[in-house]
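Next comes final.pdb, with PDB, C-alpha atoms.
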```pdb
ATOM      1  CA  MET Y   1     -51.456  98.745  11.823
ATOM      2  CA  ASN Y   2     -50.511 102.401  12.157
ATOM      3  CA  VAL Y   3     -47.402 103.634  13.959
ATOM      4  CA  PRO Y   4     -49.040 104.405  17.345
ATOM      5  CA  THR Y   5     -50.743 100.990  17.283
ATOM      6  CA  LYS Y   6     -47.460  99.279  16.378
ATOM      7  CA  LEU Y   7     -45.693 101.087  19.210
ATOM      8  CA  THR Y   8     -48.425 100.183  21.686
ATOM      9  CA  ALA Y   9     -48.317  96.532  20.588
ATOM     10  CA  LEU Y  10     -44.504  96.510  20.834
ATOM     11  CA  ALA Y  11     -44.581  98.037  24.316
ATOM     12  CA  ALA Y  12     -47.143  95.456  25.429
ATOM     13  CA  ARG Y  13     -45.047  92.575  24.057
ATOM     14  CA  LEU Y  14     -41.947  93.911  25.806
ATOM     15  CA  MET Y  15     -43.885  93.838  29.073
ATOM     16  CA  GLY Y  16     -44.984  90.263  28.385
ATOM     17  CA  LYS Y  17     -48.559  91.245  27.591
ATOM     18  CA  THR Y  18     -50.514  90.484  24.446
ATOM     19  CA  TRP Y  19     -54.001  91.080  23.187
ATOM     20  CA  ALA Y  20     -56.239  88.866  21.104
ATOM     21  CA  HIS Y  21     -59.323  89.386  18.972
ATOM     22  CA  GLU Y  22     -62.518  88.206  20.583
ATOM     23  CA  SER Y  23     -64.468  87.200  17.473
ATOM     24  CA  THR Y  24     -63.805  85.579  14.130
ATOM     25  CA  GLU Y  25     -65.105  88.734  12.472
ATOM     26  CA  GLN Y  26     -62.529  90.911  14.268
ATOM     27  CA  LEU Y  27     -59.753  88.467  13.449
ATOM     28  CA  ALA Y  28     -60.786  88.220   9.781
ATOM     29  CA  ALA Y  29     -60.886  92.010   9.511
ATOM     30  CA  ALA Y  30     -57.426  92.311  11.085
ATOM     31  CA  LEU Y  31     -55.996  89.655   8.745
ATOM     32  CA  ASP Y  32     -57.548  91.371   5.709
ATOM     33  CA  LYS Y  33     -56.231  94.758   6.824
ATOM     34  CA  GLN Y  34     -52.752  93.295   7.306
ATOM     35  CA  ILE Y  35     -52.680  92.001   3.713
ATOM     36  CA  GLU Y  36     -54.026  95.282   2.332
ATOM     37  CA  GLU Y  37     -51.364  97.281   4.188
ATOM     38  CA  LEU Y  38     -48.543  94.943   3.217
ATOM     39  CA  THR Y  39     -49.655  95.009  -0.409
ATOM     40  CA  GLU Y  40     -49.788  98.801  -0.403
ATOM     41  CA  GLU Y  41     -46.467  99.218   1.405
ATOM     42  CA  ARG Y  42     -44.355  96.433  -0.089
ATOM     43  CA  MET Y  43     -45.716  95.604  -3.555
ATOM     44  CA  PRO Y  44     -44.208  98.671  -5.298
ATOM     45  CA  GLU Y  45     -40.813  97.922  -3.720
ATOM     46  CA  HIS Y  46     -40.951  94.260  -4.734
ATOM     47  CA  LEU Y  47     -42.062  95.057  -8.282
ATOM     48  CA  ALA Y  48     -39.263  97.595  -8.694
ATOM     49  CA  GLY Y  49     -36.691  95.171  -7.310
ATOM     50  CA  ALA Y  50     -37.867  92.354  -9.557
ATOM     51  CA  ALA Y  51     -37.856  94.640 -12.594
ATOM     52  CA  SER Y  52     -34.173  95.346 -12.017
ATOM     53  CA  LEU Y  53     -33.160  91.677 -12.302
ATOM     54  CA  SER Y  54     -31.226  91.062 -15.493
ATOM     55  CA  SER Y  55     -30.194  87.404 -15.284
ATOM     56  CA  ALA Y  56     -31.084  84.173 -13.530
ATOM     57  CA  ALA Y  57     -28.100  84.557 -11.209
ATOM     58  CA  ALA Y  58     -29.445  87.926 -10.067
ATOM     59  CA  TYR Y  59     -32.326  86.093  -8.369
ATOM     60  CA  GLN Y  60     -29.999  84.204  -6.022
ATOM     61  CA  PRO Y  61     -29.488  86.779  -3.228
ATOM     62  CA  GLY Y  62     -33.201  87.410  -2.875
ATOM     63  CA  LEU Y  63     -34.099  83.740  -3.015
ATOM     64  CA  ILE Y  64     -31.457  82.881  -0.428
ATOM     65  CA  ASP Y  65     -32.707  85.631   1.906
ATOM     66  CA  LEU Y  66     -36.320  84.620   1.362
ATOM     67  CA  ARG Y  67     -35.473  80.969   2.085
ATOM     68  CA  GLY Y  68     -33.849  82.027   5.358
ATOM     69  CA  ASP Y  69     -36.967  83.978   6.325
ATOM     70  CA  ALA Y  70     -39.148  80.991   5.420
ATOM     71  CA  TYR Y  71     -36.977  78.654   7.495
ATOM     72  CA  ASP Y  72     -37.201  81.018  10.465
ATOM     73  CA  MET Y  73     -40.980  80.982  10.066
ATOM     74  CA  ALA Y  74     -41.001  77.162   9.864
ATOM     75  CA  VAL Y  75     -38.948  76.835  13.041
ATOM     76  CA  TYR Y  76     -41.206  79.304  14.842
ATOM     77  CA  LEU Y  77     -44.250  77.311  13.770
ATOM     78  CA  ASP Y  78     -42.575  74.154  15.104
ATOM     79  CA  ALA Y  79     -42.046  75.891  18.448
ATOM     80  CA  LEU Y  80     -45.661  77.079  18.543
ATOM     81  CA  THR Y  81     -46.792  73.528  17.766
ATOM     82  CA  THR Y  82     -44.771  72.163  20.669
ATOM     83  CA  THR Y  83     -46.382  74.655  23.033
ATOM     84  CA  ALA Y  84     -49.906  74.017  21.721
ATOM     85  CA  VAL Y  85     -49.400  70.270  22.248
ATOM     86  CA  ALA Y  86     -48.038  70.869  25.760
ATOM     87  CA  LEU Y  87     -51.077  73.003  26.587
ATOM     88  CA  GLY Y  88     -53.422  70.315  25.268
ATOM     89  CA  ASP Y  89     -54.911  72.408  22.468
ATOM     90  CA  ALA Y  90     -55.245  69.660  19.857
ATOM     91  CA  ASP Y  91     -57.131  71.688  17.232
ATOM     92  CA  LEU Y  92     -54.591  74.504  17.341
ATOM     93  CA  ALA Y  93     -51.716  71.998  17.327
ATOM     94  CA  ASP Y  94     -53.170  70.299  14.230
ATOM     95  CA  ALA Y  95     -53.502  73.634  12.421
ATOM     96  CA  LEU Y  96     -49.951  74.568  13.397
ATOM     97  CA  VAL Y  97     -48.575  71.200  12.250
ATOM     98  CA  GLU Y  98     -50.182  71.761   8.843
ATOM     99  CA  ALA Y  99     -48.821  75.311   8.629
ATOM    100  CA  GLY Y 100     -45.372  74.079   9.698
ATOM    101  CA  GLU Y 101     -45.351  71.362   7.055
ATOM    102  CA  PHE Y 102     -46.281  73.924   4.426
ATOM    103  CA  ALA Y 103     -43.532  76.259   5.658
ATOM    104  CA  HIS Y 104     -40.920  73.504   5.465
ATOM    105  CA  GLU Y 105     -42.152  72.669   1.946
ATOM    106  CA  LEU Y 106     -41.759  76.344   1.042
ATOM    107  CA  VAL Y 107     -38.140  76.204   2.271
ATOM    108  CA  ALA Y 108     -37.482  73.243  -0.026
ATOM    109  CA  ARG Y 109     -39.190  74.899  -3.000
ATOM    110  CA  LEU Y 110     -37.205  78.094  -2.532
ATOM    111  CA  ALA Y 111     -34.005  76.022  -2.517
ATOM    112  CA  ALA Y 112     -35.132  74.426  -5.780
ATOM    113  CA  ALA Y 113     -35.807  77.861  -7.246
ATOM    114  CA  ALA Y 114     -32.349  79.028  -6.183
ATOM    115  CA  HIS Y 115     -30.792  75.956  -7.808
ATOM    116  CA  ALA Y 116     -32.737  76.743 -10.982
ATOM    117  CA  THR Y 117     -30.692  79.944 -11.303
ATOM    118  CA  ILE Y 118     -27.614  77.854 -12.119
ATOM    119  CA  PRO Y 119     -27.466  77.086 -15.843
ATOM    120  CA  ALA Y 120     -27.522  73.408 -16.768
ATOM    121  CA  PRO Y 121     -24.225  72.199 -18.176
ATOM    122  CA  ALA Y 122     -24.110  71.940 -21.917
ATOM    123  CA  VAL Y 123     -24.332  68.318 -23.057
ATOM    124  CA  PRO Y 124     -22.677  67.506 -26.374
ATOM    125  CA  VAL Y 125     -25.203  66.198 -28.877
ATOM    126  CA  ALA Y 126     -23.292  62.921 -29.245
ATOM    127  CA  ASN Y 127     -23.709  62.261 -25.477
ATOM    128  CA  ALA Y 128     -27.319  63.372 -25.216
ATOM    129  CA  ALA Y 129     -28.790  59.983 -26.104
TER
END
```
Could you quickly redo this structure as structure tokens?
Amino acid sequence: MNVPTKLTALAARLMGKTWAHESTEQLAAALDKQIEELTEERMPEHLAGAASLSSAAAYQPGLIDLRGDAYDMAVYLDALTTTAVALGDADLADALVEAGEFAHELVARLAAAAHATIPAPAVPVANAA
């Protein structure tokens, strides 16, 4: 989405208005374009940031931030699910439940990754058995 389009969409949301694609083809094209733009804009930044990591502990701040973003996404999906159920849109609610479960699983996996940055305590050989 270019800057004028982003500004127009923001202004519409602030006024309580939204727009939606009218066909699966339009939606698929918009989703593809979103990924292409994000890849182009963010991939170099992410690669550079990752290249600067020098130890397992250096991953922690990013993983903690990413987990927070994932949790926010999971909670938002839960809220959307509640609304879809209230509106009686069972198919949408089912899709949102599945997405929400995946998002909550992502939160747990990011926590596990963060924990993996802590070195395991050394176990003396005599106690290892």
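With all atoms listed in the file as the atoms that count, the minimum distance from Ala114 (chain Y) to the choices Y:Lys17, Y:Ala51, Y:Asp65, Y:Gln26 is reached by Y:Asp65.
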Exercise for review: Identify, on the basis of only C-alpha atoms, every residue whose closest approach to region 89-102 of chain Y does not exceed 10 Å; exclude the query and any residue fewer than 2 positions from it along the same chain; express the result as number ranges by chain.
Suggested key: Y: 71, 73-87, 104-108
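For the pair CA of Tyr59 (chain Y) and CA of Ala120 (chain Y), the separation is 16.0 Å.
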Review point. Suppose you want the space between CA of Leu10 (chain Y) and CA of Asp32 (chain Y); what is it in Å?
Key: 20.6 Å
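Non-sequential neighbours of Ala56 (chain Y) (distance at most 9 Å, separation of 3 or more positions within a chain, all atoms listed in the file) are Leu53, Tyr59, Gln60, Ala116, Thr117, Ile118 and Pro119 of chain Y.
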Just write the chosen residues, C-alpha atoms, as a PDB file, keeping the file's coordinate frame.
```pdb
ATOM      1  CA  LEU Y  53     -33.160  91.677 -12.302  1.00  0.00           C
ATOM      2  CA  TYR Y  59     -32.326  86.093  -8.369  1.00  0.00           C
ATOM      3  CA  GLN Y  60     -29.999  84.204  -6.022  1.00  0.00           C
ATOM      4  CA  ALA Y 116     -32.737  76.743 -10.982  1.00  0.00           C
ATOM      5  CA  THR Y 117     -30.692  79.944 -11.303  1.00  0.00           C
ATOM      6  CA  ILE Y 118     -27.614  77.854 -12.119  1.00  0.00           C
ATOM      7  CA  PRO Y 119     -27.466  77.086 -15.843  1.00  0.00           C
TER       8      PRO Y 119
END
```
Could you work out an axis-aligned box for region 14-33 of chain Y, taking every atom the file lists and adding 3 Å on each side, and report centre and edge lengths in Å to one decimal, as AutoDock Vina command-line options?
```
--center_x -53.5 --center_y 90.2 --center_z 17.4 --size_x 29.2 --size_y 15.2 --size_z 29.4
```
All heavy atoms restored at region 9-20 of chain Y, emitted as a PDB file, in the coordinates of the input:
```pdb
ATOM      1  N   ALA Y   9     -48.436  97.989  20.612  1.00  0.00           N
ATOM      2  CA  ALA Y   9     -48.317  96.532  20.588  1.00  0.00           C
ATOM      3  C   ALA Y   9     -46.905  96.106  20.977  1.00  0.00           C
ATOM      4  O   ALA Y   9     -46.720  95.147  21.733  1.00  0.00           O
ATOM      5  CB  ALA Y   9     -48.674  95.996  19.202  1.00  0.00           C
ATOM      6  N   LEU Y  10     -45.888  96.829  20.487  1.00  0.00           N
ATOM      7  CA  LEU Y  10     -44.504  96.510  20.834  1.00  0.00           C
ATOM      8  C   LEU Y  10     -44.273  96.680  22.329  1.00  0.00           C
ATOM      9  O   LEU Y  10     -43.680  95.825  22.987  1.00  0.00           O
ATOM     10  CB  LEU Y  10     -43.529  97.373  20.044  1.00  0.00           C
ATOM     11  CG  LEU Y  10     -42.051  97.226  20.423  1.00  0.00           C
ATOM     12  CD1 LEU Y  10     -41.563  95.806  20.162  1.00  0.00           C
ATOM     13  CD2 LEU Y  10     -41.208  98.233  19.658  1.00  0.00           C
ATOM     14  N   ALA Y  11     -44.752  97.787  22.882  1.00  0.00           N
ATOM     15  CA  ALA Y  11     -44.581  98.037  24.316  1.00  0.00           C
ATOM     16  C   ALA Y  11     -45.262  96.940  25.135  1.00  0.00           C
ATOM     17  O   ALA Y  11     -44.708  96.454  26.125  1.00  0.00           O
ATOM     18  CB  ALA Y  11     -45.146  99.405  24.687  1.00  0.00           C
ATOM     19  N   ALA Y  12     -46.427  96.524  24.712  1.00  0.00           N
ATOM     20  CA  ALA Y  12     -47.143  95.456  25.429  1.00  0.00           C
ATOM     21  C   ALA Y  12     -46.364  94.158  25.374  1.00  0.00           C
ATOM     22  O   ALA Y  12     -46.224  93.456  26.377  1.00  0.00           O
ATOM     23  CB  ALA Y  12     -48.541  95.277  24.839  1.00  0.00           C
ATOM     24  N   ARG Y  13     -45.823  93.820  24.178  1.00  0.00           N
ATOM     25  CA  ARG Y  13     -45.047  92.575  24.057  1.00  0.00           C
ATOM     26  C   ARG Y  13     -43.801  92.622  24.921  1.00  0.00           C
ATOM     27  O   ARG Y  13     -43.413  91.621  25.518  1.00  0.00           O
ATOM     28  CB  ARG Y  13     -44.673  92.323  22.592  1.00  0.00           C
ATOM     29  CG  ARG Y  13     -45.804  91.737  21.785  1.00  0.00           C
ATOM     30  CD  ARG Y  13     -45.324  91.190  20.461  1.00  0.00           C
ATOM     31  NE  ARG Y  13     -44.665  92.148  19.616  1.00  0.00           N
ATOM     32  CZ  ARG Y  13     -45.263  92.957  18.744  1.00  0.00           C
ATOM     33  NH1 ARG Y  13     -46.569  92.892  18.601  1.00  0.00           N
ATOM     34  NH2 ARG Y  13     -44.579  93.795  18.016  1.00  0.00           N
ATOM     35  N   LEU Y  14     -43.148  93.783  24.983  1.00  0.00           N
ATOM     36  CA  LEU Y  14     -41.947  93.911  25.806  1.00  0.00           C
ATOM     37  C   LEU Y  14     -42.250  93.715  27.290  1.00  0.00           C
ATOM     38  O   LEU Y  14     -41.395  93.291  28.050  1.00  0.00           O
ATOM     39  CB  LEU Y  14     -41.278  95.267  25.571  1.00  0.00           C
ATOM     40  CG  LEU Y  14     -40.640  95.463  24.189  1.00  0.00           C
ATOM     41  CD1 LEU Y  14     -40.150  96.891  24.027  1.00  0.00           C
ATOM     42  CD2 LEU Y  14     -39.503  94.476  23.975  1.00  0.00           C
ATOM     43  N   MET Y  15     -43.471  94.034  27.685  1.00  0.00           N
ATOM     44  CA  MET Y  15     -43.885  93.838  29.073  1.00  0.00           C
ATOM     45  C   MET Y  15     -44.489  92.452  29.291  1.00  0.00           C
ATOM     46  O   MET Y  15     -44.999  92.153  30.363  1.00  0.00           O
ATOM     47  CB  MET Y  15     -44.893  94.917  29.472  1.00  0.00           C
ATOM     48  CG  MET Y  15     -44.295  96.318  29.499  1.00  0.00           C
ATOM     49  SD  MET Y  15     -45.421  97.586  30.123  1.00  0.00           S
ATOM     50  CE  MET Y  15     -46.827  97.450  29.067  1.00  0.00           C
ATOM     51  N   GLY Y  16     -44.448  91.614  28.256  1.00  0.00           N
ATOM     52  CA  GLY Y  16     -44.984  90.263  28.385  1.00  0.00           C
ATOM     53  C   GLY Y  16     -46.493  90.189  28.269  1.00  0.00           C
ATOM     54  O   GLY Y  16     -47.102  89.187  28.644  1.00  0.00           O
ATOM     55  N   LYS Y  17     -47.111  91.228  27.738  1.00  0.00           N
ATOM     56  CA  LYS Y  17     -48.559  91.245  27.591  1.00  0.00           C
ATOM     57  C   LYS Y  17     -48.917  91.175  26.106  1.00  0.00           C
ATOM     58  O   LYS Y  17     -48.186  91.671  25.261  1.00  0.00           O
ATOM     59  CB  LYS Y  17     -49.147  92.526  28.180  1.00  0.00           C
ATOM     60  CG  LYS Y  17     -48.874  92.676  29.663  1.00  0.00           C
ATOM     61  CD  LYS Y  17     -49.420  93.973  30.174  1.00  0.00           C
ATOM     62  CE  LYS Y  17     -49.103  94.130  31.661  1.00  0.00           C
ATOM     63  NZ  LYS Y  17     -49.595  95.375  32.194  1.00  0.00           N
ATOM     64  N   THR Y  18     -50.017  90.545  25.808  1.00  0.00           N
ATOM     65  CA  THR Y  18     -50.514  90.484  24.446  1.00  0.00           C
ATOM     66  C   THR Y  18     -52.014  90.703  24.459  1.00  0.00           C
ATOM     67  O   THR Y  18     -52.656  90.616  25.503  1.00  0.00           O
ATOM     68  CB  THR Y  18     -50.212  89.116  23.791  1.00  0.00           C
ATOM     69  OG1 THR Y  18     -50.836  88.103  24.567  1.00  0.00           O
ATOM     70  CG2 THR Y  18     -48.729  88.848  23.697  1.00  0.00           C
ATOM     71  N   TRP Y  19     -52.554  90.958  23.293  1.00  0.00           N
ATOM     72  CA  TRP Y  19     -54.001  91.080  23.187  1.00  0.00           C
ATOM     73  C   TRP Y  19     -54.452  90.140  22.084  1.00  0.00           C
ATOM     74  O   TRP Y  19     -53.660  89.748  21.237  1.00  0.00           O
ATOM     75  CB  TRP Y  19     -54.427  92.520  22.889  1.00  0.00           C
ATOM     76  CG  TRP Y  19     -53.779  93.080  21.662  1.00  0.00           C
ATOM     77  CD1 TRP Y  19     -52.592  93.743  21.600  1.00  0.00           C
ATOM     78  CD2 TRP Y  19     -54.244  92.991  20.320  1.00  0.00           C
ATOM     79  NE1 TRP Y  19     -52.291  94.068  20.311  1.00  0.00           N
ATOM     80  CE2 TRP Y  19     -53.294  93.621  19.498  1.00  0.00           C
ATOM     81  CE3 TRP Y  19     -55.370  92.435  19.724  1.00  0.00           C
ATOM     82  CZ2 TRP Y  19     -53.435  93.715  18.117  1.00  0.00           C
ATOM     83  CZ3 TRP Y  19     -55.510  92.530  18.345  1.00  0.00           C
ATOM     84  CH2 TRP Y  19     -54.552  93.168  17.571  1.00  0.00           C
ATOM     85  N   ALA Y  20     -55.697  89.776  22.107  1.00  0.00           N
ATOM     86  CA  ALA Y  20     -56.239  88.866  21.104  1.00  0.00           C
ATOM     87  C   ALA Y  20     -57.618  89.357  20.687  1.00  0.00           C
ATOM     88  O   ALA Y  20     -58.325  89.998  21.467  1.00  0.00           O
ATOM     89  CB  ALA Y  20     -56.334  87.460  21.672  1.00  0.00           C
TER      90      ALA Y  20
END
```
